[in-house]
Amino acid sequence: MNWSFGNPHLLPLAVLAGLPFLVHLIARLRPRRYEFSSIEFILRGVRKTRKWQRPKDWLLLLLRTAAVIALLLAFLQPRTYEAQAWSEEEDAGRTVVLVVDATASMAYDAGGGSRFNRALAEASAVLGSLRTGDRANAIWVRERPAAAAAQPSRNTDFLRETLQRARVTHESGSGAAAVATALDQLSQTEGPQELILISDFQRGTWESPLPPIPDSIRMAVLPVATDPSPANTAVRRLFLEPERPRAGETVAATAEVINYSDQPRRLEVLFSSGTFRQSEDIFLEAWESRLVTTILHWDEPGEYAVRASLPEDAFPLDNFRDAVIAVTAGTTIALAGDPAWPHPFWERAFRSLDGTRVNVVQTAQPGLNEAEVVIWTGDDPRALPAFEPLFERGATVIWHPAPGSAQNGTPFTRQNLREPQSLRLLLPDDPLFEVFSGGDFGDPARGTYQERVIWPSRTGGDSVTVLLAWQDDTPALVRESAGAGRIYGWNIPLEENGRAAYALLPEFLALAGEIARTARDGISVPGRETVAGRSVSRAFPADWGVREPVLEGPRDHNQRPAWEGDAGFDRFLSAPLPEPGVYTWRSDGRTVGLTAVRFPADQSDLRTHNPDTFITETAITLSHARQVRRLREGVDWWPLFLALAAGLLLAEALFCRLARPDKEGVPS
Amino acid sequence: MAWKYLRAEDLARLNCFEFAPKALAEGYLAGRHQSHRTGLSTEFRDHRPYSPGDDIKSLDWRVYARTERPYLRTFEIETSTDCHILLDSSASMGFGQPASKLDHASFFAAALCYLVVKNRDQVSLQIFDTAPREFFPSGSTNRHLHRILNSLETNRPAGQTKLGESLRRALPLVRRRGTLVIVSDFLDNPGEIFEALSPWIHRGFKIHLYHLVHPDEISLRGRGLTAFIDMETGRREIAHIEHLRTAYEDAFAAHLRSLRDLATRRQIRHVLARTDKPIHHLFDGLVR
C-alpha cells in the first residue's frame with residue numbers, strides 16, 4: 001500500500017494536530033481567577049466529579065484532537081495505491097476488454113438477481129469508469145465467443161446498450177476461448193491494455209487453462225457468484241436403447257439424475273412421450289447420481305420425443321432433458337451389384353429374420369440411402385465411395401465379391417483349393433459372435449471349403465479386423481470401419497459347385513442376423529440431437545420432397561434453416577438453437593423430423609472455481625467494479641476524513657451536551 | 001447625620017415597622033412585650049379560683065353571681081425586651097459585588113438596632129469572625145445606637161468564620177435572655193454551630209438565624225476553567241465551572257438543608273437572606 005498527498009504543501013499544517021493539547025495546557029496554566037467566599041463546596045464538587053470527569057476530559061481532548069487531525073488529513077487529500085495498482089502514467093487511450101460470461105450457469109439466481117445481471121451491472125460500472133479517449137469492447141463467453149464490436153472502440157454508449165439488451169444463454173462455453181479472443185483484440189491495440197474477466201467462474205466454463213497473458217496486459221477478475229454452495233438437481237443424460245427400434249419393440253429410456261448439493265434430495269422423475277406418463281420417486285444422497293429407467297414402445301414407425309423431467313428448482317434450465325428416437329418399420333436390406341449371385345442366399349437369409357424388410361435396389365438408386373445393410377457383390381473397390389452417404393449414417397456394407405471377377409481384371413482372383421480348408425474363429429469375444437458363445441447357434445467357423453478369392457492387400461492395415469480366417473490365414477471375414485459405418489468383407493463360399501456350402505449351415509442364418517442387428521444399432525441420423533447454442537444439420541432423403549422447412553422450437557424460437565445440397569439428400573443447416581427442448585422440422589404443413597436440443601451437462605454443476613487458483617499471478621481479484629477505478633486512480637481518502645472530522649465534531653458536541661449535568665433546585 | 005447603613009430613606013421606611021419579636025419577654029420595665037408574669041394591665045389573660053390572700057379587687061363578681069364560686073380575673077403585664085445581634089464579619093462575608101454580604105448584613109443589623117431602640121427596648125451587638133471582635137452591651141439610647149452604627153461603618157471583613165467558637169465566647173457577655181439574632185453566611189460546620197447554640201436555647205433565648213447568601217453562591221456563574229480562591233484561607237482550586245456546577249450546587253443545597261433541618265428541630269427560625277432581594281422582608285417575625 002503506497003501513500004501520496006494531493007496537497008503536500010499543506011504538510012506543515014500538521015503541527016496544528018497539537019492545537020487541542022496546546023489550548024488545554026494554556027487554559028490550565030492561566031485559568032481565570034475567581035475569589036470565592038468558600039471553596040469548601042467547590043472541593044466537595046471536585047471530589048465528587050473527579051472520578052468520571054478526568055476520563056471525560058481526556059475523551060473530549062481525544063475527540064477534539066482526532067477531529068483536528070481528520071480535518072488536516074482532509075485538506076492534505078491523502079490517496080492510497082495498492083501494491084499491484086495500475087499505474088496512471090500512461091492513462092490516456094487505454095483499451096479495456098471485458099470478458100463477460102453469458103453461459104447457462106450465469107442464470108442461477110440465489111436470490112437478489114441472477115449472476116448474469118450482476119455481471120452486467122459490474123460491466124456497466126467498469127464502462128462508467130472509462131475516460132474520454134479510452135476504448136472498450138465486450139467478449140461474451142458462450143458456445144462460440146462473441147464480441148460485441150468487431151474491435152475495441154470509443155463508442156461506449158453502444159457497449160452500454162449492448163449490455164442492456166444482453167440475455168443469458170442456455171449454452172456452455174469456454175472461458176479460455178473467450179480470453180483468447182480478447183487477447184487477439186488487445187494485441188491489435190496500443191497503449192495501456194486492460195483485460196477484465198466478469199464471470200461466476202463455474203467449473204465447466206473455466207476448466208481449460210487460460211492462454212498465456214502478456215505482462216503488458218493488466219488483468220483483473222471479478223467473480224459474481226455470491227452463493228458459496230449452490231444447490232441444483234439435474235437430468236444429466238437421457239438415452240434410449242435400442243436407438244432404432246422397430247415398431248412394437250420395447251425401448252428402455254434411461255435418465256441419469258444427479259444431485260449437485262450437499263443435502264440429500266427426494267425427487268420425482270417423470271418420463272413423458274406423447275400421451276405416455278410415468279413417474280418414479282427416488283432419493284438421492286448428496287452429490288449422488290442415479291439411473292432411472294422406464295420402458296416404452298411405439299406401434300407406428302416415425303420419430304418420437306421422450307422427456308425426462310424433475311420438479312423445478314432454483315436453476316430450472318436443466319430440470320428436463322429430451323431425446324428423439326426413430327422407430328422403424330424394420331431393418332432395410334439393400335442388394336446391390338450383380339443380382340445374379342449370391343444375392344439369393346443373402347435375400348433368403350434376411351427374409352427369414354423377423355422384422356427385416358428386404359429392398360432390392362441398385363447402386364445410386366434413391367432407396368439405397370435408406371438401407372441399413374447393403375449386400376454388395378461388386379468387385380471394383382473404386383465403386384466404394386458411392387456408399388459414402390450410407391457410411392455417414394452408420395450403415396453396414398457386406399462386400400461379397402462375386403466369383404469370376406478375376407476375368408474382369410479386378411484385384412480379386414478366384415481360387416480353387418486342392419484340399420478343402422476349414423475356418424478359424426480369430427475373435428470369439430467380438431460382439432458379432434456373442435450369440436454363438438452359448439453354443440445354441442453352433443460354430444460360425446464350421447465346415448470345410450474349397451472356393452475362395454484371394455483377398456487384395458488394400459484391405460489390410462490397422463483399421464481392418466479379421467474375424468474369421470482360413471487355415472492358411474487368408475481372411476474369411478474381415479471388418480473395416482468406414483465413416484460412421486462399417487464394411488464386412490465376405491470371403492466364405494455360400495455355394496460350391498452348384499451346391500449350398502456355408503449357406504446351408506444354420507450358423508449362416510445366425511451370423512446374418514447378428515450383422516443386421518449390429519448394423520441397426522450403428523445407424524445414426526445426424527441432426528436428431530444437439531446442444532443448446534449449436535446449429536444442427538439434418539438431411540432428408542431427396543424423395544421425401546422436403547422444401548424450405550421451418551424449424552419450430554420452444555417459446556417461438558422458429559427459424560428457416562438454409563438448404564445445403566447433398567447426394568441423394570436435401571440437407572438443411574439451422575442457425576444456433578438457443579434453448580433446450582424439442583424442435584420440430586415442418587415442411588408443407590407436415591412434420592418431417594424432430595431434433596432434441598439438450599442443456600449442456602457441464603453447466604449443471606454450479607460450483608465455482610476460486611479465480612486465484614487459475615489466473616496469472618499478476619492478475620488482481622476484485623470484489624466489485626469500483627475497485628477498477630481504485631486500481632487506476634488509487635483511493636481518495638479526503639471525503640472519508642472530512643466526514644470523520646464532521647462526525648467527531650458532532651460527537652464532541654453531543655458528548656458535551658449529554659455530559660452536562662442537570663441542574664438541581666436550590667431551596668429558597 | 002447620614003449613616004451609610006441607615007440612610008434617611010431607610011428611616012422613613014423603617015418607621016412603618018415596630019420591633020415585636022414573637023417571644024415573651026421578661027423585661028423589668030413595663031413595656032409592649034408580653035411577659036408570663038401577671039400584673040397590672042388591661043390585657044385579660046384568664047380566670048383562676050380564688051385563694052386566700054388574693055387581692056379581692058380582682059374577683060370577678062359576675063362569675064360569682066352565676067356560679068357562687070369566687071374566681072379571680074388575671075391580666076398580663078407588658079415588659080421591655082433585649083435583642084442581641086451577632087454579626088459575622090469574616091472574610092467570606094466580603095463576597096459579592098457591588099454590595100457584599102457584609103454590607104447587606106450591616107444594613108439589616110443597623111435597621112434592627114434602630115427598630116429596637118425606637119421601641120425603647122435594649123439591643124446588644126457583637127461583631128465576630130474567628131472570635132468576638134467587638135461587643136456592644138445592651139442599651140436602648142440613641143447614643144448607644146450611634147456607637148453601633150459607627151462601628152458597623154468601620155467594620156471590614158476579615159478572618160475565618162468560627163461561629164461555634166464565637167457563640168461559646170459570646171454567651172457569658174449576655175446577661176439577660178431575649179431575642180438572639182445571628183446574621184452570618186454560616187460557612188461553618190452546622191453541627192458545631194448548633195452545638196454552640198444549645199446553651200442559648202437552654203437559657204430561653206428566642207433565636208433567629210439570618211443566613212446571608214449571594215446568588216452566585218447558590219448557582220455558580222461563569223464558564224471555563226477557573227481558579228477558585230478561598231477568601232478566608234487563600235486556598236486555590238482549579239476546576240471547570242461547567243463540570244463542577246451541579247456537584248457544587250448539590251453540595252451547597254445539602255448544606256442549606258442541613259442547616260434548615262437542624263434549626264427546625266430546635267425550633268429555631270432560619271431565614272435565607274439573599275443579597276439580591278430587599279432586606280425588609282427579613283423583618284417578618286421580628287416586627288409588626
# chains A, B, ... in the order shown; residues from 1 in each chain; ligands from 1
$ closest_atom_pairs --of "chain B" --to "chain A" --cutoff "8 Å" --atoms "only C-alpha atoms" --output "CSV"
residue,atom,partner,partner_atom,distance
B:Ala91,CA,A:Ser37,CA,7.5
B:Ser92,CA,A:Ser37,CA,4.3
B:Met93,CA,A:Ser37,CA,7.1
B:Gly94,CA,A:Ser37,CA,7.6
B:Phe95,CA,A:Ser37,CA,5.5
B:Leu187,CA,A:Ser38,CA,7.3
B:Glu217,CA,A:Ser37,CA,7.9
B:Ile218,CA,A:Val666,CA,6.9
B:Leu225,CA,A:Pro31,CA,5.5
B:Thr226,CA,A:Arg32,CA,4.7
B:Ala227,CA,A:Arg33,CA,4.8
B:Phe228,CA,A:Tyr34,CA,4.9
B:Ile229,CA,A:Glu35,CA,4.5
B:Asp230,CA,A:Ser38,CA,5.1
B:Met231,CA,A:Ser37,CA,5.3
B:Glu232,CA,A:Ser38,CA,7.0
B:Arg235,CA,A:Ile39,CA,7.8
B:Glu237,CA,A:Leu43,CA,7.5
B:Ile238,CA,A:Pro31,CA,7.4
B:Ala239,CA,A:Val46,CA,7.2
B:Glu242,CA,A:Arg660,CA,7.2
B:His243,CA,A:Arg660,CA,7.0
B:Leu244,CA,A:Gly45,CA,5.8
B:Arg245,CA,A:Gly45,CA,7.7
B:Thr246,CA,A:Lys663,CA,5.7
B:Ala247,CA,A:Gly45,CA,4.5
B:Tyr248,CA,A:Gly45,CA,4.7
B:Glu249,CA,A:Glu664,CA,7.2
B:Asp250,CA,A:Glu664,CA,6.9
B:Ala251,CA,A:Phe41,CA,5.8
B:Phe252,CA,A:Phe41,CA,6.1
B:Ala253,CA,A:Val666,CA,5.5
B:Leu256,CA,A:Pro667,CA,7.5
B:Arg257,CA,A:Pro667,CA,7.7
B:Leu272,CA,A:Ser668,CA,6.8
$ write_last_selection --atoms "C-alpha atoms" --output "JSON list (two decimals), in the first residue's frame"
[["chain", "number", "residue", "atom", "x", "y", "z"],
["B", 91, "ALA", "CA", -13.62, 37.40, 55.11],
["B", 92, "SER", "CA", -16.24, 35.29, 53.33],
["B", 93, "MET", "CA", -18.79, 37.96, 54.17],
["B", 94, "GLY", "CA", -16.90, 40.26, 51.85],
["B", 95, "PHE", "CA", -18.11, 38.23, 48.83],
["B", 187, "LEU", "CA", -19.90, 28.80, 56.25],
["B", 217, "GLU", "CA", -23.07, 31.09, 45.78],
["B", 218, "ILE", "CA", -26.34, 29.33, 45.10],
["B", 225, "LEU", "CA", -11.52, 26.67, 33.64],
["B", 226, "THR", "CA", -11.40, 28.78, 36.79],
["B", 227, "ALA", "CA", -9.03, 29.11, 39.70],
["B", 228, "PHE", "CA", -11.21, 29.44, 42.81],
["B", 229, "ILE", "CA", -9.50, 31.39, 45.60],
["B", 230, "ASP", "CA", -10.89, 30.92, 49.09],
["B", 231, "MET", "CA", -11.46, 34.39, 50.57],
["B", 232, "GLU", "CA", -10.87, 33.17, 54.09],
["B", 235, "ARG", "CA", -6.56, 28.22, 49.23],
["B", 237, "GLU", "CA", -8.52, 25.09, 43.45],
["B", 238, "ILE", "CA", -8.67, 24.91, 39.67],
["B", 239, "ALA", "CA", -11.79, 23.44, 38.19],
["B", 242, "GLU", "CA", -19.42, 23.61, 33.76],
["B", 243, "HIS", "CA", -18.24, 20.30, 35.10],
["B", 244, "LEU", "CA", -18.41, 21.41, 38.66],
["B", 245, "ARG", "CA", -21.63, 23.34, 38.69],
["B", 246, "THR", "CA", -24.09, 20.60, 39.50],
["B", 247, "ALA", "CA", -21.92, 18.93, 42.10],
["B", 248, "TYR", "CA", -21.26, 22.29, 43.75],
["B", 249, "GLU", "CA", -24.89, 23.25, 43.78],
["B", 250, "ASP", "CA", -25.77, 19.86, 45.23],
["B", 251, "ALA", "CA", -23.25, 20.31, 47.99],
["B", 252, "PHE", "CA", -24.39, 23.86, 48.77],
["B", 253, "ALA", "CA", -28.04, 22.87, 48.74],
["B", 256, "LEU", "CA", -28.61, 24.66, 53.37],
["B", 257, "ARG", "CA", -30.91, 21.71, 54.01],
["B", 272, "LEU", "CA", -32.37, 32.61, 53.87]]
$ select_by_dssp --residues "segment 114-251 of chain B" --states "strand (DSSP E)" --output "ChimeraX atom specification"
/B:122-128,132-139,179-184,206-213,225-230,236-240
$ atom_distance --atom1 "atom CA of Ile69 of chain A" --atom2 "atom CA of Ala646 of chain A"
11.5 Å
$ closest_residue --among "A:Tyr583, A:Phe350, A:Phe315, A:Trp298" --to "Gln603 of chain A" --atoms "only C-alpha atoms"
A:Phe315
$ closest_residue --among "A:Val628, A:Leu353, A:Leu423, A:Leu509" --to "Ala220 of chain A" --atoms "only C-alpha atoms"
A:Val628
$ residues_around --residues "segment 268-270 of chain B" --least-positions-apart "2" --cutoff "6 Å" --atoms "only C-alpha atoms" --output "PyMOL selection string"
chain B and resi 207-209+263-264+266
$ residues_around --residues "Glu241 of chain A" --least-positions-apart "2" --cutoff "7 Å" --atoms "only C-alpha atoms" --output "list of chain:residue names"
A:Phe239, A:Glu243, A:Val251, A:Ala252, A:Ala253
$ write_last_selection --atoms "C-alpha atoms" --output "short mmCIF file (atom, residue, chain, number, x, y, z; two decimals), in the first residue's frame"
data_model
loop_
_atom_site.label_atom_id
_atom_site.label_comp_id
_atom_site.auth_asym_id
_atom_site.auth_seq_id
_atom_site.Cartn_x
_atom_site.Cartn_y
_atom_site.Cartn_z
CA PHE A 239 -30.55 -42.33 -23.59
CA GLU A 243 -31.60 -46.42 -30.69
CA VAL A 251 -37.36 -49.37 -25.67
CA ALA A 252 -35.61 -48.69 -22.38
CA ALA A 253 -35.44 -44.97 -21.64
#
$ closest_residue --among "B:Ile85, B:Leu180, B:Leu220, B:Leu59" --to "Gly204 of chain B" --atoms "only C-alpha atoms"
B:Leu180
$ residues_around --residues "segment 108-114 of chain B" --least-positions-apart "5" --cutoff "7 Å" --atoms "only C-alpha atoms" --output "count of residues only"
6
$ residues_around --residues "segment 121-135 of chain A" --least-positions-apart "6" --cutoff "6 Å" --atoms "only C-alpha atoms" --output "list in words"
Gly93, Arg94, Thr95, Pro152, Ser153, Arg154 and Ala625 of chain A
$ closest_residue --among "A:Arg203, A:Arg560, A:Arg414, A:Arg393" --to "Gly527 of chain A" --atoms "only C-alpha atoms"
A:Arg393
$ residues_around --residues "Ala395 of chain A" --least-positions-apart "5" --cutoff "7 Å" --atoms "only C-alpha atoms" --output "list of chain:residue names"
A:Glu372, A:Val373, A:Leu390, A:Gly485, A:Arg486, A:Ala519, A:Gly522, A:Ile523
$ atom_distance --atom1 "atom CA of Ala334 of chain A" --atom2 "atom CA of Ala476 of chain A"
22.1 Å
$ select_by_dssp --residues "segment 477-607 of chain A" --states "alpha helix (DSSP H)" --output "list in words"
Pro506, Glu507, Phe508, Leu509, Ala510, Leu511, Ala512, Gly513, Glu514, Ile515, Ala516, Arg517, Thr518, Ala519, Arg520, Asp521 and Gly522 of chain A
$ write_last_selection --atoms "N, CA and C atoms" --output "PDB file, in the first residue's frame"
ATOM      1  N   PRO A 506     -26.948 -73.621 -40.440  1.00  0.00           N
ATOM      2  CA  PRO A 506     -27.765 -72.681 -39.636  1.00  0.00           C
ATOM      3  C   PRO A 506     -26.936 -71.533 -39.071  1.00  0.00           C
ATOM      4  N   GLU A 507     -25.615 -71.753 -38.957  1.00  0.00           N
ATOM      5  CA  GLU A 507     -24.772 -70.684 -38.440  1.00  0.00           C
ATOM      6  C   GLU A 507     -24.809 -69.471 -39.363  1.00  0.00           C
ATOM      7  N   PHE A 508     -25.011 -69.689 -40.682  1.00  0.00           N
ATOM      8  CA  PHE A 508     -25.064 -68.561 -41.621  1.00  0.00           C
ATOM      9  C   PHE A 508     -26.249 -67.651 -41.299  1.00  0.00           C
ATOM     10  N   LEU A 509     -27.368 -68.283 -40.976  1.00  0.00           N
ATOM     11  CA  LEU A 509     -28.561 -67.509 -40.636  1.00  0.00           C
ATOM     12  C   LEU A 509     -28.329 -66.660 -39.382  1.00  0.00           C
ATOM     13  N   ALA A 510     -27.688 -67.326 -38.377  1.00  0.00           N
ATOM     14  CA  ALA A 510     -27.435 -66.599 -37.128  1.00  0.00           C
ATOM     15  C   ALA A 510     -26.459 -65.444 -37.348  1.00  0.00           C
ATOM     16  N   LEU A 511     -25.413 -65.739 -38.183  1.00  0.00           N
ATOM     17  CA  LEU A 511     -24.413 -64.700 -38.419  1.00  0.00           C
ATOM     18  C   LEU A 511     -25.018 -63.525 -39.191  1.00  0.00           C
ATOM     19  N   ALA A 512     -25.878 -63.845 -40.186  1.00  0.00           N
ATOM     20  CA  ALA A 512     -26.545 -62.773 -40.938  1.00  0.00           C
ATOM     21  C   ALA A 512     -27.426 -61.940 -40.006  1.00  0.00           C
ATOM     22  N   GLY A 513     -28.124 -62.611 -39.126  1.00  0.00           N
ATOM     23  CA  GLY A 513     -28.977 -61.889 -38.173  1.00  0.00           C
ATOM     24  C   GLY A 513     -28.166 -60.977 -37.268  1.00  0.00           C
ATOM     25  N   GLU A 514     -27.000 -61.426 -36.823  1.00  0.00           N
ATOM     26  CA  GLU A 514     -26.177 -60.601 -35.946  1.00  0.00           C
ATOM     27  C   GLU A 514     -25.621 -59.406 -36.698  1.00  0.00           C
ATOM     28  N   ILE A 515     -25.268 -59.634 -37.974  1.00  0.00           N
ATOM     29  CA  ILE A 515     -24.776 -58.486 -38.774  1.00  0.00           C
ATOM     30  C   ILE A 515     -25.887 -57.443 -38.901  1.00  0.00           C
ATOM     31  N   ALA A 516     -27.106 -57.928 -39.144  1.00  0.00           N
ATOM     32  CA  ALA A 516     -28.227 -56.983 -39.280  1.00  0.00           C
ATOM     33  C   ALA A 516     -28.495 -56.253 -37.975  1.00  0.00           C
ATOM     34  N   ARG A 517     -28.401 -56.971 -36.854  1.00  0.00           N
ATOM     35  CA  ARG A 517     -28.680 -56.332 -35.554  1.00  0.00           C
ATOM     36  C   ARG A 517     -27.636 -55.258 -35.241  1.00  0.00           C
ATOM     37  N   THR A 518     -26.385 -55.621 -35.368  1.00  0.00           N
ATOM     38  CA  THR A 518     -25.330 -54.634 -35.058  1.00  0.00           C
ATOM     39  C   THR A 518     -25.364 -53.479 -36.046  1.00  0.00           C
ATOM     40  N   ALA A 519     -25.778 -53.773 -37.278  1.00  0.00           N
ATOM     41  CA  ALA A 519     -25.891 -52.690 -38.268  1.00  0.00           C
ATOM     42  C   ALA A 519     -26.962 -51.690 -37.846  1.00  0.00           C
ATOM     43  N   ARG A 520     -28.067 -52.203 -37.332  1.00  0.00           N
ATOM     44  CA  ARG A 520     -29.150 -51.310 -36.919  1.00  0.00           C
ATOM     45  C   ARG A 520     -28.705 -50.425 -35.752  1.00  0.00           C
ATOM     46  N   ASP A 521     -27.968 -51.024 -34.809  1.00  0.00           N
ATOM     47  CA  ASP A 521     -27.531 -50.235 -33.660  1.00  0.00           C
ATOM     48  C   ASP A 521     -26.556 -49.145 -34.072  1.00  0.00           C
ATOM     49  N   GLY A 522     -25.854 -49.385 -35.153  1.00  0.00           N
ATOM     50  CA  GLY A 522     -24.847 -48.392 -35.557  1.00  0.00           C
ATOM     51  C   GLY A 522     -25.426 -47.254 -36.356  1.00  0.00           C
TER      52      GLY A 522
END
